[in-house]
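One structure is given here, and the rest of the page talks about it.
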There are 2 protein chains.
Amino acid sequence: MHRTKVRVAVDALDANETIARANRDDFDRAGVAVVNMMSAPGAGKTTLLERAIQGAQRLRIGVLEGDVQGSLDADRIAHLHVPVTQLNTDPGFGGECHLDANMVRSALPEVPLSDIDLLVIENVGNLVCPAEFRVGEDARIMVASVAEGDDKPLKYPLMFRACELIIVNKVDLLPHLDVDLDRLVANVEAVNPTARILPCSAKTGEGVDAWREWLARLPERAAAPA
Amino acid sequence: MHRTKVRVAVDALDANETIARANRDDFDRAGVAVVNMMSAPGAGKTTLLERAIQGAQRLRIGVLEGDVQGSLDADRIAHLHVPVTQLNTDPGFGGECHLDANMVRSALPEVPLSDIDLLVIENVGNLVCPAEFRVGEDARIMVASVAEGDDKPLKYPLMFRACELIIVNKVDLLPHLDVDLDRLVANVEAVNPTARILPCSAKTGEGVDAWREWLARLPERAAAPA
């Protein structure tokens with residue numbers, strides 16, 4: 001008796017990875033590069049994003065704001081006249097401490113992909129779980145405030161390991177802190193030897209141009225064959 | 001035909017609440033008051049705890065250190081010659097971003113309850129999930145660093161609402177920040193009108209005596225009938 005050969009699906013993905021790939025397909029079709037921006041609460045993600053938007057030349061930036069609740073950061077970004085979409089984890093998702101691919105997917109109908117070159121997804125402020133969920137992004141980056149101390153890479157290594165760019169922010173505060181920038185950099189390198197480390201101060205402007213350039217180059221890098 | 005009356009269990013608890021009550025019974029039997037100390041990463045929990053231990057008079061303090069991995073904070077506390085137990089969420093618990101009652105219960109055999117009056121549980125640095133899990137404590141408190149900005153109570157209201165004492169730490173940095181202490185206090189009061197708010201600087205010592213006194217009075221408050 002004839003029978004067809006049973007096809008075996010390989011490389012079975014977990015649900016998050018499956019949805020992240022679907023997001024990625026949508027981003028690729030629209031020609032939009034995507035960055036997943038993470039940090040502890042209050043490290044300065046939104047302010048750095050404001051600086052990047054204010055100095056963007058031809059790059060058309062859109063923002064997806066992840067928060068447990070409220071829209072404080074989205075309201076700030078909206079003042080800069082770029083498309084911004086608020087994604088709250090509280091009402092529909094049980095107050096989750098991170099974004100996952102499915103939450104991002106649920107927001108995509110409200111993101112005008114055809115009008116932007118770069119989508120910045122500002123994750124919920126948290127150094128643990130956001131690093132565990134890909135959302136379909138081209139790059140993962142984080143902001144570490146020097147005010148958090150120089151030991152954080154050793155305490156939250158998964159986050160520091162997951163990111164290709166680590167912005168060490170608020171360096172203007174260093175004279176007032178018992179924090180050793182060299183030790184912080186060494187601790188980052190101990191858990192992630194290949195990350196680019198960018199000292200920055202949204203207040204004084206130190207490092208802000210380099211941050212803008214990194215963002216501006218992402219669409220080209222994302223489009224290049226791996 | 002005779003049959004016994006079916007007894008209906010009321011007030012069914014979720015598993016975390018059941019285990020938290022079991023922890024609480026153990027703490028009560030040992031006469032130990034317990035505080036669950038929470039914050040974002042790098043807000044200064046461990047340093048404030050060091051200051052409290054250094055100034056403790058007759059109060060015998062023990063510490064349970066919650067971290068995703070590593071024992072940096074426990075090592076610091078151990079230098080002060082108080083009993084300290086490390087609880088890592090990484091190896092056994094999947095890298096969880098918070099402590100729950102079951103994790104605390106798993107650590108209790110290593111906590112010398114009969115030798116202490118007060119157990120301080122230092123939670124994982126995170127402003128979201130730790131607030132969702134009671135662990136059998138008498139009091140929940142948090143440390144908010146002014147360097148995190150004055151908007152955090154509005155973005156993470158559950159955490160600020162869950163705590164009866166909110167230490168506003170690193171106030172020595174205020175002259176160097178675009179942060180309004182009055183606005184921060186108003187935002188705390190907006191989400192938690194009954195919390196005690198204690199401005200503090202582990203660096204200059206401001207507020208540290210009041211913090212020690214609050215801790216010293218907890219065992220008596222915990223023993224008093226509700």
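Within each chain, counting starts at residue 1; across the structure tokens, chains are named A, B, ... in the order shown, with ligands numbered 1 upward in that order.
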
With a distance threshold of 10 Å and counting only C-alpha atoms, extract the residues of chain B near chain A and express them as a count of residues only.
44

May I have the residues within 10 Å of Gly55 (chain A) as a PyMOL selection string, using only C-alpha atoms and disregarding those fewer than 2 positions away in the same chain? chain A and resi 49-53+57-59+208-209+212-213

Give me a file of those residues, with N, CA and C atoms, as a short mmCIF file (atom, residue, chain, number, x, y, z; two decimals), in the first residue's frame.
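For reference, part38.cif as written:
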data_model
loop_
_atom_site.label_atom_id
_atom_site.label_comp_id
_atom_site.auth_asym_id
_atom_site.auth_seq_id
_atom_site.Cartn_x
_atom_site.Cartn_y
_atom_site.Cartn_z
N LEU A 49 16.52 58.96 23.60
CA LEU A 49 15.71 58.84 22.39
C LEU A 49 15.29 60.23 21.91
N GLU A 50 14.93 61.10 22.83
CA GLU A 50 14.60 62.49 22.46
C GLU A 50 15.80 63.14 21.76
N ARG A 51 17.00 62.97 22.31
CA ARG A 51 18.19 63.57 21.71
C ARG A 51 18.42 63.02 20.29
N ALA A 52 18.19 61.71 20.13
CA ALA A 52 18.39 61.11 18.81
C ALA A 52 17.39 61.65 17.80
N ILE A 53 16.14 61.78 18.23
CA ILE A 53 15.10 62.28 17.32
C ILE A 53 15.37 63.74 16.96
N GLN A 57 18.70 63.45 10.91
CA GLN A 57 18.70 64.20 9.65
C GLN A 57 17.59 63.65 8.75
N ARG A 58 17.95 62.76 7.85
CA ARG A 58 16.92 62.23 6.94
C ARG A 58 16.21 61.00 7.52
N LEU A 59 16.79 60.44 8.60
CA LEU A 59 16.24 59.21 9.17
C LEU A 59 14.84 59.46 9.76
N VAL A 208 26.51 61.82 22.58
CA VAL A 208 25.20 61.84 21.93
C VAL A 208 25.33 61.75 20.40
N ASP A 209 26.35 62.42 19.84
CA ASP A 209 26.56 62.32 18.39
C ASP A 209 26.86 60.89 17.97
N ARG A 212 23.66 58.97 17.94
CA ARG A 212 22.87 59.27 16.74
C ARG A 212 23.44 58.56 15.51
N GLU A 213 24.77 58.56 15.40
CA GLU A 213 25.40 57.91 14.23
C GLU A 213 25.14 56.41 14.25
#

Checklist entry - To one decimal place, how far is CA of Leu80 (chain B) from CA of Val179 (chain A) in Å? => result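 Interatomic distance, CA of Leu80 (chain B) to CA of Val179 (chain A): 21.4 Å.
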
- Query: Could you pull out all residues of region 154-212 of chain B with a DSSP call of alpha helix (DSSP H) and give them as an MDAnalysis selection string?
  - Reply: chainID B and resid 154:155 157:162 181:191 208:212

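The spacing separating CA of Leu48 (chain A) from CA of Ala139 (chain A) amounts to 16.5 Å.
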
Worksheet entry | Two-atom distance - CA of Ile167 (chain A), CA of Cys200 (chain A) (Å) |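 These atoms are spaced 6.4 Å apart.
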
Strand (DSSP E or B) positions in chain A, given as an MDAnalysis selection string: chainID A and resid 33:39 61:67 84:88 118:122 139:145 165:169 196:199

Of A:Pro225, A:Pro83, A:Pro199, A:Gly136, the one nearest to Val111 (chain A) when counting only C-alpha atoms is A:Pro83

*Would you kindly return, as a PyMOL selection string, each protein, DNA or RNA residue with an atom no farther than 9 Å from any atom of Val82 (chain A), considering only C-alpha atoms and excluding same-chain residues fewer than 4 positions away?*
chain A and resi 53+60-63+77-78

Selected residues, all heavy atoms, written as an mmCIF file, in the first residue's frame, please.
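The result, stored in result_36.cif:
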data_model
loop_
_atom_site.group_PDB
_atom_site.id
_atom_site.type_symbol
_atom_site.label_atom_id
_atom_site.label_comp_id
_atom_site.auth_asym_id
_atom_site.auth_seq_id
_atom_site.Cartn_x
_atom_site.Cartn_y
_atom_site.Cartn_z
ATOM 1 N N ILE A 53 16.144 61.782 18.234
ATOM 2 C CA ILE A 53 15.103 62.278 17.318
ATOM 3 C C ILE A 53 15.369 63.738 16.963
ATOM 4 O O ILE A 53 15.241 64.150 15.807
ATOM 5 C CB ILE A 53 13.705 62.104 17.968
ATOM 6 C CG1 ILE A 53 13.355 60.620 18.073
ATOM 7 C CG2 ILE A 53 12.643 62.857 17.177
ATOM 8 C CD1 ILE A 53 12.161 60.315 18.951
ATOM 9 N N ARG A 60 13.876 58.684 9.274
ATOM 10 C CA ARG A 60 12.514 58.814 9.800
ATOM 11 C C ARG A 60 12.319 57.781 10.916
ATOM 12 O O ARG A 60 12.281 56.579 10.656
ATOM 13 C CB ARG A 60 11.498 58.596 8.681
ATOM 14 C CG ARG A 60 11.608 59.639 7.543
ATOM 15 C CD ARG A 60 10.678 59.264 6.404
ATOM 16 N NE ARG A 60 10.954 57.916 5.909
ATOM 17 C CZ ARG A 60 10.128 57.200 5.142
ATOM 18 N NH1 ARG A 60 8.963 57.719 4.775
ATOM 19 N NH2 ARG A 60 10.468 55.991 4.738
ATOM 20 N N ILE A 61 12.229 58.273 12.153
ATOM 21 C CA ILE A 61 12.161 57.401 13.324
ATOM 22 C C ILE A 61 10.722 57.284 13.819
ATOM 23 O O ILE A 61 9.999 58.276 13.882
ATOM 24 C CB ILE A 61 13.050 57.955 14.471
ATOM 25 C CG1 ILE A 61 14.519 58.040 14.018
ATOM 26 C CG2 ILE A 61 12.926 57.095 15.730
ATOM 27 C CD1 ILE A 61 15.459 58.640 15.060
ATOM 28 N N GLY A 62 10.324 56.078 14.159
ATOM 29 C CA GLY A 62 9.065 55.855 14.859
ATOM 30 C C GLY A 62 9.363 55.171 16.185
ATOM 31 O O GLY A 62 10.417 54.554 16.347
ATOM 32 N N VAL A 63 8.455 55.303 17.135
ATOM 33 C CA VAL A 63 8.706 54.777 18.481
ATOM 34 C C VAL A 63 7.521 53.940 18.949
ATOM 35 O O VAL A 63 6.360 54.328 18.760
ATOM 36 C CB VAL A 63 8.968 55.935 19.473
ATOM 37 C CG1 VAL A 63 9.176 55.402 20.885
ATOM 38 C CG2 VAL A 63 10.175 56.763 19.030
ATOM 39 N N ILE A 77 7.648 61.918 23.704
ATOM 40 C CA ILE A 77 8.104 61.675 22.328
ATOM 41 C C ILE A 77 7.167 62.346 21.316
ATOM 42 O O ILE A 77 7.613 62.901 20.302
ATOM 43 C CB ILE A 77 8.190 60.154 22.062
ATOM 44 C CG1 ILE A 77 9.220 59.494 22.992
ATOM 45 C CG2 ILE A 77 8.519 59.873 20.593
ATOM 46 C CD1 ILE A 77 10.648 59.930 22.780
ATOM 47 N N ALA A 78 5.876 62.335 21.619
ATOM 48 C CA ALA A 78 4.893 62.902 20.682
ATOM 49 C C ALA A 78 5.136 64.391 20.450
ATOM 50 O O ALA A 78 4.821 64.919 19.378
ATOM 51 C CB ALA A 78 3.472 62.668 21.208
#

- Item | Long-range neighbours of Val120 (chain A) as a list of chain:residue names, 7 Å cut-off, only C-alpha atoms, 3 positions minimum in chain | A:Val34, A:Val35, A:Asn36, A:Met37, A:Gly62, A:Val63, A:Leu64

Residue nearest Leu215 (chain B) among B:Leu99, B:Leu87, B:Leu108, B:Leu118 (counting only C-alpha atoms) |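 Counting only C-alpha atoms, the residue closest to Leu215 (chain B) is B:Leu118.
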